[in-house]
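Student: Next up is a structure, given as structure tokens.
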Amino acid sequence: MDVKKTVCMWCHNHCKVEVHVRDGRLEKIEGDKTHLAAPLLARVVKSCPRAGAAAEWFHHPERLNYPLKRAGEKGEGKWDRISWEQALDEISERLRKVRDEYGAEALAFTRGTYRNPREFTARFFNLFGSPNVIGGAGNVCWAPANVIACALMGSPANQPLIVPGKTRSILFIGTNPAQSKTKFWLNTLDSIRQGAKLIVVDPRRTQAAERADKFLQLRPGTDTALLMSMIEVIIREELYDKEFVSRWCHGFDELRKRAKEYPPDRVERITLVPAEDIVEASRIFATQKPATCYSHMGIEQLTNGIQALHARFILPAITGNLDITGGQFFHGFLPLMSEVDMEMQEALSSEQRGKMLRSPEQIFSWKAYELIQENVKRVWSGSLPANPHCHAHGPITYRAMLTGKPYPVRAAITMAANPLITQANTKMVYRGLKSLDLYVVMDFFMTPSAQIADYVLPAASWLERSHLGPEFEVPYLEAGEAAFSAADEGDNDRRTDYDFWRGLGLRLGQEEYWPWKDIEAAYDHRLAPMGYTLKQFITETGGSLRINPEEKKYEQRGFGTPTGKVELYSTILEKLGFDPLPNYEEPPESPVSTPELAKEYPLILITGGRFLPMYHSEWRQVDSFRRLHPDPVMQIHPQKAAELGIEDGDWVWIETVRGRVRQKSQYFAGISPGVVHAEHGWWFPELPGEEPWLHGMWESNINVVTDDAPEHCNKMSGGWPLRAELCKVYRVKTYV
Ligand SMILES: Nc1nc2c(c(=O)[nH]1)N[C@H]1C(S)=C(S)[C@@H](COP(=O)(O)OP(=O)(O)OC[C@H]3O[C@@H](n4cnc5c(=O)[nH]c(N)nc54)[C@H](O)[C@@H]3O)O[C@H]1N2
Ligand SMILES: Nc1nc2c(c(=O)[nH]1)N[C@H]1C(S)=C(S)[C@@H](COP(=O)(O)OP(=O)(O)OC[C@H]3O[C@@H](n4cnc5c(=O)[nH]c(N)nc54)[C@H](O)[C@@H]3O)O[C@H]1N2
Ligand code: SF4
Ligand SMILES: [Mo]
């Protein structure tokens with residue numbers, strides 16, 4: 001038996017784990033017993049269905065083992081096996097042709113969520129000369145919070161540390177960690193047991209809401225109004241931290257004036273949350289210290305999401321909860337060769353930067369990135385990587401693929417993403433990707449996106465590669481070693497994502513920039529400033545190191561913003577031409593903003609609430625998981641369902657102006673009668689891969705009906721609305 005220590009990348013818990021291997025087979029995964037947080041890790045990993053099904057996943061017969069090249073028409077499902085050398089030679093040759101004919105910007109990258117080292121993708125793209133790394137998930141996931149936090153507080157949003165026994169109140173806005181982040185959730189439960197108060201803002205009575213002292217069940221999309229109202233109460237009742245505000249906050253008077261527009265009785269009419277609940281929640285948050293606030297997809301995926309994030313960061317600031325244990329802690333940056341140093345941003349000329357497909361003032365543009373990060377760097381000597389915090393806009397880029405406007409995009413690479421399932425407006429994404437001269441996908445399994453590619457490449461998973469990265473929720477730098485080799489004497493010829501970028505780089509004139517023969521050597525280089533190789537780091541620290549544990553670092557450093565203070569009133573947003581204070585706007589589709597549309601589509605659709613055991617579009621081919629959760633599920637209030645003649649378990653059509661898909665109804669009294677909730681990520685590996693099937697991706701994939709119209713996207717960020725759109729639902733007819 002061999003035990004290898006590494007970091008599990010199947011979800012953002014990023015557990016430090018021990019992988020037990022016997023006779024070449026994965027036997028089990030356990031929490032790292034020598035880690036500082038070992039008891040918590042043991043509980044998380046033990047309760048994790050993915051860790052439990054690790055062997056089923058790892059030894060799955062459908063894992064991709066060798067490179068494939070399209071043999072028939074695109075999407076015809078005919079493939080030839082080829083060698084890596086042939087794949088890399090041909091792809092690089094075709095990329096060279098695209099660059100010669102249309103310019104480097106004609107190559108795009110579609111990002112998914114954070115699953116693999118991002119710095120090498122950025123490095124390749126910067127050296128190739130293309131600014132068009134599409135944020136993909138990044139535009140609506142986590143990057144908005146990080147960038148806004150940097151603009152306002154000069155530090156990324158690193159998740160607040162809930163510290164059981166210390167944290168006294170917790171505010172969850174649009175997050176359901178019981179399903180999405182077990183580690184965080186267990187810490188929440190422990191804190192509640194030790195007396196912490198929990199406030200939950202969500203349109204659904206989630207598991208978190210069940211445990212809450214105050215549950216604010218709001219109308220989807222109205223969070224900015226609600227949070228501004230909490231700010232109004234805290235200021236009016238003088239519950240804010242006067243000393244911190246006067247010493248460390250910029251723009252308090254302007255904020256006070258803006259907040260007056262959001263008194264609880266007015267906001268009750270917007271959000272449908274009773275005014276007295278808003279007042280009580282504000283009092284709890286402001287008086288039970290340390291208080292911590294955690295928001296996630298419930299607000300990042302709204303068209304008014306950036307404004308909601310702005311208000312959400314004001315709350316811990318004016319209540320004096322920044323950078324204290326148990327509150328909104330700042331982890332800072334690591335003393336190693338950072339992602340940003342590995343990206344080689346300097347290789348991308350200002351002319352090429354200017355071609356990035358997105359509005360040039362938005363918070364993810366180069367202009368904003370430079371403005372925000374130069375301040376962060378001044379204080380922390382580190383900054384956020386450009387990938388994914390500065391990136392091309394998906395909706396504009398997919399349209400450019402299709403129309404050649406504003407200029408042609410002719411090739412794309414997808415790695416660690418499944419854009420046909422996870423990006424909004426699947427029809428547009430499909431038409432864009434299908435129209436390319438070259439489309440390459442690197443993944444573990446065949447996916448609908450891979451089915452329309454020209455080349456499909458087999459990726460080594462986290463079990464087959466070294467790891468180095470900061471933990472998400474706790475301030476550790478973590479490293480790990482491969483538990484298996486990626487290629488073996490059998491049929492497996494998988495490679496790491498790093499090998500792919502380097503392989504292309506060596507063929508495209510980037511030789512001098514890829515001196516590290518494999519990912520471990522690249523990590524040795526990153527760790528060199530700390531005086532370690534990857535192996536030494538693992539042996540000497542056990543593979544994890546606590547960083548920046550001291551509190552109130554701003555007392556020495558100040559804040560990494562233009563004024564050196566927390567910018568409640570953002571001089572950066574102002575400079576970019578946006579409102580410097582949070583302001584509520586109705587969703588582009590809502591009973592209020594589009595009453596005519598609401599007559600035909602009377603229900604509010606929210607999508608993508610997380611559910612175990614699945615992870616986005618993954619794990620659908622794992623039998624034991626499909627037995628647990630075989631079908632896509634849409635939640636509806638029993639009373640509304642009865643009105644519509646829908647029984648619990650009926651298949652229903654979910655229709656918006658953009659089209660319809662079907663899911664199975666589930667009665668849920670915890671959702672308000674005007675709202676339905678649809679799962680995202682659905683396709684069916686068991687259905688044929690060739691067109692028109694594409695593994696059933698048109699049947700239940702909710703993004704077929706979501707909106708990505710650039711004119712509906714958030715003006716400041718380009719974020720599209722995955723929550724709060726209008727729909728109708730009706731029973732799928734069956735004839736017997
Ligand atoms: N309607 C709706 N849409 C949503 C959301 C929603 O709430 N509602 N949520 C959005 C959010 S927040 C996110 S983050 C995105 C997620 O979007 P994606 O990241 O596109 O989603 P996944 O299904 O996880 O796709 C990842 C793919 O990469 C493969 N993969 C995983 N790890 C690696 C790796 O290390 N290397 C390689 N080469 N491949 C790998 C997996 O097998 C899988 O096929 O979805 C977004 N889409
Ligand atoms: N099991 C599982 N875990 C995951 C993932 C997964 O796919 N599966 N994905 C990972 C990723 S990439 C991400 S980004 C995280 C997301 O993690 P979370 O944000 O915690 O999870 P979600 O369930 O997507 O969204 C949280 C809540 O937002 C609510 N919501 C919907 N509309 C609104 C609104 O208008 N306002 C408010 N306040 N709330 C609203 C939903 O009802 C839902 O309960 O999960 C991560 N963890
Ligand atoms: S909780 Fe997430 S990171 Fe931890 S073992 Fe399970 S899948 Fe892996
Ligand atoms: Mo995400």
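By order in the structure tokens, chains are A, B, ...; within a chain, residues start at 1; ligands start at 1, following the order shown.
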Counting only C-alpha atoms and all ligand atoms, which protein, DNA or RNA residues come within 10 Å of ligand 3, given as a VMD selection string?
Tutor: chain A and resid 7 to 18 29 to 31 41 to 54 180 to 183 612 to 615
Student: Would you kindly return, as a PDB file with N, CA, C and O atoms, in the first residue's frame, each protein, DNA or RNA residue with an atom no farther than 12 Å from any atom of Phe578 in chain A, considering only C-alpha atoms and excluding same-chain residues fewer than 2 positions away?
Tutor:
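New file around-v3.pdb:
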ATOM      1  N   ILE A 306     -22.855  43.324  -9.236  1.00  0.00           N
ATOM      2  CA  ILE A 306     -21.673  44.076  -8.810  1.00  0.00           C
ATOM      3  C   ILE A 306     -22.062  45.083  -7.729  1.00  0.00           C
ATOM      4  O   ILE A 306     -21.368  45.257  -6.732  1.00  0.00           O
ATOM      5  N   GLN A 307     -23.213  45.717  -7.940  1.00  0.00           N
ATOM      6  CA  GLN A 307     -23.694  46.685  -6.948  1.00  0.00           C
ATOM      7  C   GLN A 307     -23.996  45.965  -5.625  1.00  0.00           C
ATOM      8  O   GLN A 307     -23.720  46.497  -4.546  1.00  0.00           O
ATOM      9  N   GLU A 361     -14.009  49.784 -20.438  1.00  0.00           N
ATOM     10  CA  GLU A 361     -14.003  50.387 -19.102  1.00  0.00           C
ATOM     11  C   GLU A 361     -14.379  49.376 -18.026  1.00  0.00           C
ATOM     12  O   GLU A 361     -14.262  49.677 -16.842  1.00  0.00           O
ATOM     13  N   GLN A 362     -14.901  48.230 -18.412  1.00  0.00           N
ATOM     14  CA  GLN A 362     -15.472  47.332 -17.402  1.00  0.00           C
ATOM     15  C   GLN A 362     -14.424  46.828 -16.417  1.00  0.00           C
ATOM     16  O   GLN A 362     -13.231  46.817 -16.723  1.00  0.00           O
ATOM     17  N   ILE A 363     -14.884  46.363 -15.265  1.00  0.00           N
ATOM     18  CA  ILE A 363     -13.939  45.998 -14.199  1.00  0.00           C
ATOM     19  C   ILE A 363     -13.034  44.828 -14.587  1.00  0.00           C
ATOM     20  O   ILE A 363     -12.030  44.609 -13.935  1.00  0.00           O
ATOM     21  N   ALA A 368      -9.053  48.636 -16.152  1.00  0.00           N
ATOM     22  CA  ALA A 368      -9.487  48.525 -14.758  1.00  0.00           C
ATOM     23  C   ALA A 368      -8.517  47.647 -13.968  1.00  0.00           C
ATOM     24  O   ALA A 368      -8.156  47.955 -12.832  1.00  0.00           O
ATOM     25  N   TYR A 569     -17.138  54.791  -0.934  1.00  0.00           N
ATOM     26  CA  TYR A 569     -17.367  55.537  -2.175  1.00  0.00           C
ATOM     27  C   TYR A 569     -16.140  55.246  -3.029  1.00  0.00           C
ATOM     28  O   TYR A 569     -15.030  55.658  -2.696  1.00  0.00           O
ATOM     29  N   SER A 570     -16.331  54.523  -4.122  1.00  0.00           N
ATOM     30  CA  SER A 570     -15.175  54.010  -4.854  1.00  0.00           C
ATOM     31  C   SER A 570     -14.643  55.010  -5.877  1.00  0.00           C
ATOM     32  O   SER A 570     -15.305  55.311  -6.875  1.00  0.00           O
ATOM     33  N   THR A 571     -13.438  55.493  -5.629  1.00  0.00           N
ATOM     34  CA  THR A 571     -12.845  56.430  -6.598  1.00  0.00           C
ATOM     35  C   THR A 571     -12.478  55.690  -7.885  1.00  0.00           C
ATOM     36  O   THR A 571     -12.406  56.295  -8.945  1.00  0.00           O
ATOM     37  N   ILE A 572     -12.259  54.385  -7.767  1.00  0.00           N
ATOM     38  CA  ILE A 572     -11.916  53.616  -8.975  1.00  0.00           C
ATOM     39  C   ILE A 572     -13.151  53.453  -9.872  1.00  0.00           C
ATOM     40  O   ILE A 572     -13.097  53.706 -11.076  1.00  0.00           O
ATOM     41  N   LEU A 573     -14.277  53.067  -9.282  1.00  0.00           N
ATOM     42  CA  LEU A 573     -15.495  52.943 -10.099  1.00  0.00           C
ATOM     43  C   LEU A 573     -15.829  54.297 -10.722  1.00  0.00           C
ATOM     44  O   LEU A 573     -16.248  54.386 -11.880  1.00  0.00           O
ATOM     45  N   GLU A 574     -15.632  55.348  -9.954  1.00  0.00           N
ATOM     46  CA  GLU A 574     -15.914  56.692 -10.466  1.00  0.00           C
ATOM     47  C   GLU A 574     -15.020  56.998 -11.679  1.00  0.00           C
ATOM     48  O   GLU A 574     -15.482  57.457 -12.717  1.00  0.00           O
ATOM     49  N   LYS A 575     -13.751  56.671 -11.540  1.00  0.00           N
ATOM     50  CA  LYS A 575     -12.796  56.927 -12.617  1.00  0.00           C
ATOM     51  C   LYS A 575     -13.138  56.133 -13.885  1.00  0.00           C
ATOM     52  O   LYS A 575     -12.891  56.576 -15.003  1.00  0.00           O
ATOM     53  N   LEU A 576     -13.718  54.962 -13.674  1.00  0.00           N
ATOM     54  CA  LEU A 576     -14.095  54.140 -14.827  1.00  0.00           C
ATOM     55  C   LEU A 576     -15.426  54.593 -15.425  1.00  0.00           C
ATOM     56  O   LEU A 576     -15.899  54.031 -16.418  1.00  0.00           O
ATOM     57  N   PRO A 580     -20.193  55.475  -8.123  1.00  0.00           N
ATOM     58  CA  PRO A 580     -19.237  55.090  -7.070  1.00  0.00           C
ATOM     59  C   PRO A 580     -19.890  54.488  -5.832  1.00  0.00           C
ATOM     60  O   PRO A 580     -19.191  54.051  -4.920  1.00  0.00           O
ATOM     61  N   LEU A 581     -21.222  54.459  -5.798  1.00  0.00           N
ATOM     62  CA  LEU A 581     -21.934  53.881  -4.660  1.00  0.00           C
ATOM     63  C   LEU A 581     -22.946  52.855  -5.160  1.00  0.00           C
ATOM     64  O   LEU A 581     -23.416  52.941  -6.296  1.00  0.00           O
ATOM     65  N   PRO A 582     -23.312  51.888  -4.308  1.00  0.00           N
ATOM     66  CA  PRO A 582     -24.268  50.871  -4.767  1.00  0.00           C
ATOM     67  C   PRO A 582     -25.644  51.469  -5.045  1.00  0.00           C
ATOM     68  O   PRO A 582     -26.100  52.354  -4.324  1.00  0.00           O
ATOM     69  N   ASN A 583     -26.259  50.971  -6.084  1.00  0.00           N
ATOM     70  CA  ASN A 583     -27.546  51.488  -6.504  1.00  0.00           C
ATOM     71  C   ASN A 583     -28.379  50.320  -7.027  1.00  0.00           C
ATOM     72  O   ASN A 583     -27.899  49.532  -7.844  1.00  0.00           O
ATOM     73  N   ASN A 714     -24.535  43.061 -16.886  1.00  0.00           N
ATOM     74  CA  ASN A 714     -24.162  44.134 -15.960  1.00  0.00           C
ATOM     75  C   ASN A 714     -23.215  45.111 -16.658  1.00  0.00           C
ATOM     76  O   ASN A 714     -22.220  44.711 -17.257  1.00  0.00           O
ATOM     77  N   LYS A 715     -23.524  46.388 -16.545  1.00  0.00           N
ATOM     78  CA  LYS A 715     -22.744  47.400 -17.277  1.00  0.00           C
ATOM     79  C   LYS A 715     -21.298  47.449 -16.794  1.00  0.00           C
ATOM     80  O   LYS A 715     -20.385  47.695 -17.565  1.00  0.00           O
ATOM     81  N   MET A 716     -21.104  47.233 -15.505  1.00  0.00           N
ATOM     82  CA  MET A 716     -19.755  47.355 -14.946  1.00  0.00           C
ATOM     83  C   MET A 716     -18.894  46.119 -15.199  1.00  0.00           C
ATOM     84  O   MET A 716     -17.684  46.214 -15.277  1.00  0.00           O
ATOM     85  N   SER A 717     -19.545  44.943 -15.274  1.00  0.00           N
ATOM     86  CA  SER A 717     -18.752  43.710 -15.336  1.00  0.00           C
ATOM     87  C   SER A 717     -19.036  42.859 -16.554  1.00  0.00           C
ATOM     88  O   SER A 717     -18.252  41.987 -16.908  1.00  0.00           O
TER      89      SER A 717
END
Student: Could you list, as a PyMOL selection string, all the residues within 10 Å of ligand 4, counting only C-alpha atoms and all ligand atoms?
Tutor: chain A and resi 11-12+112-114+136-143+180+296-297+300-301+422+608+610+615-616
Student: Take the residues from that selection and put them in a file with N, CA, C and O atoms, as a PDB file, in the first residue's frame.
Tutor:
ATOM      1  N   CYS A  11     -13.662  19.686  -5.869  1.00  0.00           N
ATOM      2  CA  CYS A  11     -14.530  20.818  -5.551  1.00  0.00           C
ATOM      3  C   CYS A  11     -13.724  21.866  -4.810  1.00  0.00           C
ATOM      4  O   CYS A  11     -12.578  21.625  -4.439  1.00  0.00           O
ATOM      5  N   HIS A  12     -14.326  23.033  -4.585  1.00  0.00           N
ATOM      6  CA  HIS A  12     -13.564  24.137  -4.013  1.00  0.00           C
ATOM      7  C   HIS A  12     -13.307  24.013  -2.514  1.00  0.00           C
ATOM      8  O   HIS A  12     -12.759  24.928  -1.908  1.00  0.00           O
ATOM      9  N   GLY A 112     -13.448  27.495 -17.446  1.00  0.00           N
ATOM     10  CA  GLY A 112     -14.516  27.046 -16.559  1.00  0.00           C
ATOM     11  C   GLY A 112     -14.175  27.539 -15.168  1.00  0.00           C
ATOM     12  O   GLY A 112     -13.516  28.565 -15.004  1.00  0.00           O
ATOM     13  N   THR A 113     -14.610  26.774 -14.153  1.00  0.00           N
ATOM     14  CA  THR A 113     -14.246  27.172 -12.799  1.00  0.00           C
ATOM     15  C   THR A 113     -12.801  26.766 -12.524  1.00  0.00           C
ATOM     16  O   THR A 113     -12.168  26.102 -13.334  1.00  0.00           O
ATOM     17  N   TYR A 114     -12.277  27.145 -11.383  1.00  0.00           N
ATOM     18  CA  TYR A 114     -10.854  26.947 -11.078  1.00  0.00           C
ATOM     19  C   TYR A 114     -10.570  25.476 -10.770  1.00  0.00           C
ATOM     20  O   TYR A 114     -10.937  24.981  -9.721  1.00  0.00           O
ATOM     21  N   GLY A 136     -15.499  33.099 -18.996  1.00  0.00           N
ATOM     22  CA  GLY A 136     -16.395  31.957 -18.805  1.00  0.00           C
ATOM     23  C   GLY A 136     -17.039  32.060 -17.450  1.00  0.00           C
ATOM     24  O   GLY A 136     -17.689  33.056 -17.113  1.00  0.00           O
ATOM     25  N   ALA A 137     -16.815  31.040 -16.641  1.00  0.00           N
ATOM     26  CA  ALA A 137     -17.370  31.080 -15.297  1.00  0.00           C
ATOM     27  C   ALA A 137     -16.888  32.324 -14.552  1.00  0.00           C
ATOM     28  O   ALA A 137     -17.637  32.944 -13.805  1.00  0.00           O
ATOM     29  N   GLY A 138     -15.634  32.714 -14.778  1.00  0.00           N
ATOM     30  CA  GLY A 138     -15.058  33.820 -14.017  1.00  0.00           C
ATOM     31  C   GLY A 138     -15.881  35.090 -14.066  1.00  0.00           C
ATOM     32  O   GLY A 138     -15.882  35.876 -13.123  1.00  0.00           O
ATOM     33  N   ASN A 139     -16.601  35.302 -15.144  1.00  0.00           N
ATOM     34  CA  ASN A 139     -17.374  36.534 -15.243  1.00  0.00           C
ATOM     35  C   ASN A 139     -18.536  36.579 -14.249  1.00  0.00           C
ATOM     36  O   ASN A 139     -19.007  37.642 -13.859  1.00  0.00           O
ATOM     37  N   VAL A 140     -18.990  35.388 -13.867  1.00  0.00           N
ATOM     38  CA  VAL A 140     -20.134  35.335 -12.945  1.00  0.00           C
ATOM     39  C   VAL A 140     -19.806  34.520 -11.703  1.00  0.00           C
ATOM     40  O   VAL A 140     -20.698  34.109 -10.980  1.00  0.00           O
ATOM     41  N   CYS A 141     -18.551  34.252 -11.473  1.00  0.00           N
ATOM     42  CA  CYS A 141     -18.207  33.393 -10.342  1.00  0.00           C
ATOM     43  C   CYS A 141     -16.903  33.821  -9.712  1.00  0.00           C
ATOM     44  O   CYS A 141     -15.843  33.652 -10.296  1.00  0.00           O
ATOM     45  N   TRP A 142     -16.967  34.349  -8.567  1.00  0.00           N
ATOM     46  CA  TRP A 142     -15.852  34.629  -7.695  1.00  0.00           C
ATOM     47  C   TRP A 142     -14.972  35.784  -8.154  1.00  0.00           C
ATOM     48  O   TRP A 142     -14.593  36.628  -7.352  1.00  0.00           O
ATOM     49  N   ALA A 143     -14.631  35.847  -9.453  1.00  0.00           N
ATOM     50  CA  ALA A 143     -13.798  36.958  -9.912  1.00  0.00           C
ATOM     51  C   ALA A 143     -14.485  38.303  -9.647  1.00  0.00           C
ATOM     52  O   ALA A 143     -13.811  39.255  -9.228  1.00  0.00           O
ATOM     53  N   SER A 180     -22.779  23.269  -1.186  1.00  0.00           N
ATOM     54  CA  SER A 180     -21.696  23.747  -2.052  1.00  0.00           C
ATOM     55  C   SER A 180     -20.318  23.718  -1.403  1.00  0.00           C
ATOM     56  O   SER A 180     -19.316  23.588  -2.081  1.00  0.00           O
ATOM     57  N   HIS A 296     -22.369  34.631  -2.300  1.00  0.00           N
ATOM     58  CA  HIS A 296     -21.839  33.841  -3.413  1.00  0.00           C
ATOM     59  C   HIS A 296     -22.778  33.930  -4.602  1.00  0.00           C
ATOM     60  O   HIS A 296     -23.321  34.983  -4.888  1.00  0.00           O
ATOM     61  N   MET A 297     -23.025  32.796  -5.254  1.00  0.00           N
ATOM     62  CA  MET A 297     -23.644  32.867  -6.584  1.00  0.00           C
ATOM     63  C   MET A 297     -25.010  33.536  -6.598  1.00  0.00           C
ATOM     64  O   MET A 297     -25.427  34.080  -7.618  1.00  0.00           O
ATOM     65  N   GLU A 300     -23.725  37.005  -7.281  1.00  0.00           N
ATOM     66  CA  GLU A 300     -22.767  37.240  -8.376  1.00  0.00           C
ATOM     67  C   GLU A 300     -23.428  37.023  -9.742  1.00  0.00           C
ATOM     68  O   GLU A 300     -22.979  37.550 -10.744  1.00  0.00           O
ATOM     69  N   GLN A 301     -24.474  36.187  -9.757  1.00  0.00           N
ATOM     70  CA  GLN A 301     -25.107  35.873 -11.039  1.00  0.00           C
ATOM     71  C   GLN A 301     -26.379  36.687 -11.276  1.00  0.00           C
ATOM     72  O   GLN A 301     -27.329  36.220 -11.884  1.00  0.00           O
ATOM     73  N   THR A 422     -22.445  24.893 -19.474  1.00  0.00           N
ATOM     74  CA  THR A 422     -22.348  25.800 -18.325  1.00  0.00           C
ATOM     75  C   THR A 422     -22.411  27.285 -18.683  1.00  0.00           C
ATOM     76  O   THR A 422     -22.572  28.113 -17.788  1.00  0.00           O
ATOM     77  N   GLY A 608     -29.430  26.751 -11.067  1.00  0.00           N
ATOM     78  CA  GLY A 608     -28.071  26.358 -10.701  1.00  0.00           C
ATOM     79  C   GLY A 608     -27.780  26.210  -9.227  1.00  0.00           C
ATOM     80  O   GLY A 608     -26.612  26.087  -8.860  1.00  0.00           O
ATOM     81  N   ARG A 610     -26.708  24.590  -6.032  1.00  0.00           N
ATOM     82  CA  ARG A 610     -25.836  23.406  -5.992  1.00  0.00           C
ATOM     83  C   ARG A 610     -26.509  22.245  -5.273  1.00  0.00           C
ATOM     84  O   ARG A 610     -27.311  22.451  -4.360  1.00  0.00           O
ATOM     85  N   TYR A 615     -21.348  17.880  -9.373  1.00  0.00           N
ATOM     86  CA  TYR A 615     -20.546  19.089  -9.450  1.00  0.00           C
ATOM     87  C   TYR A 615     -20.715  19.628 -10.862  1.00  0.00           C
ATOM     88  O   TYR A 615     -20.252  19.003 -11.823  1.00  0.00           O
ATOM     89  N   HIS A 616     -21.411  20.745 -10.994  1.00  0.00           N
ATOM     90  CA  HIS A 616     -21.711  21.294 -12.323  1.00  0.00           C
ATOM     91  C   HIS A 616     -22.128  20.171 -13.284  1.00  0.00           C
ATOM     92  O   HIS A 616     -23.014  19.408 -12.964  1.00  0.00           O
TER      93      HIS A 616
END
Student: What gap, in Å, lies between CA of Ile173 in chain A and CA of Phe668 in chain A?
Tutor: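 Interatomic distance here is 20.4 Å.
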Student: Which residue is closest to Glu686 in chain A? Choose from A:Arg626, A:Lys257, A:Lys599, A:Lys33 and count only C-alpha atoms.
Tutor: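 Once distances to Glu686 in chain A are computed over only C-alpha atoms, the minimum belongs to A:Arg626.
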Student: Looking only at the backbone, which of the residues in range 143-175 of chain A does DSSP tag as alpha helix (DSSP H), as a count of residues only?
Tutor: 11
Student: List as a list in words the protein and nucleic acid residues near Gln352 in chain A, meaning an atom at most 7 Å away when only C-alpha atoms are counted, but skip any in the same chain fewer than 5 places from it.
Tutor: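 These residues fall inside the cut-off: Gly129, Ser130 and Pro131 of chain A.
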Student: Would you save the residues from that selection as a PDB file, in the first residue's frame, using C-alpha atoms?
Tutor:
ATOM      1  CA  GLY A 129      -0.461  37.368 -28.400  1.00  0.00           C
ATOM      2  CA  SER A 130      -4.171  36.839 -27.821  1.00  0.00           C
ATOM      3  CA  PRO A 131      -6.091  38.806 -25.160  1.00  0.00           C
TER       4      PRO A 131
END
Student: Could you give me the residues within 7 Å of ligand 1, counting only C-alpha atoms and all ligand atoms, as a ChimeraX atom specification?
Tutor: /A:111-113,115-116,137-138,140-141,297,415-419,422-424,442-445,447,459-462,497,607-609,615-618,680-681,702-703,706,722
Student: When you count only C-alpha atoms, which of these residues is closest to Met337 in chain A: A:Thr656, A:Asn146, A:Asn321, A:Ser383?
Tutor: A:Ser383
Student: Just the residues within 7 Å of range 78-83 of chain A, please, counting only C-alpha atoms, with nothing from its chain fewer than 2 positions along; format it as a list in words.
Tutor: Tyr66, Pro67, Leu68, Lys69, Arg70, Ala71, Gly72, Glu76, Glu85, Gln86 and Ala87 of chain A
Student: Extract the full set of strand (DSSP E) residues from range 47-190 of chain A according to DSSP on the backbone, and format it as number ranges by chain.
Tutor: A: 68-70, 79-81, 107-110, 133-134, 169-173
Student: Please determine, counting only C-alpha atoms and all ligand atoms, which residue among A:Ala145, A:Leu694, A:Leu40, A:Val267 has the shortest atom-to-atom distance to ligand 2.
Tutor: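 Of the candidates, the smallest distance to ligand 2 is held by A:Ala145.
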Student: Set the distance at 12 Å and use only C-alpha atoms: which residues neighbour Ser295 in chain A once local chain neighbours fewer than 5 positions away are removed? I'd like the list as an MDAnalysis selection string.
Tutor: chainID A and resid 141:142 144:146 157:160 170:177 199:202 223:224 227 300:301 305:306 308:313 315:316 328
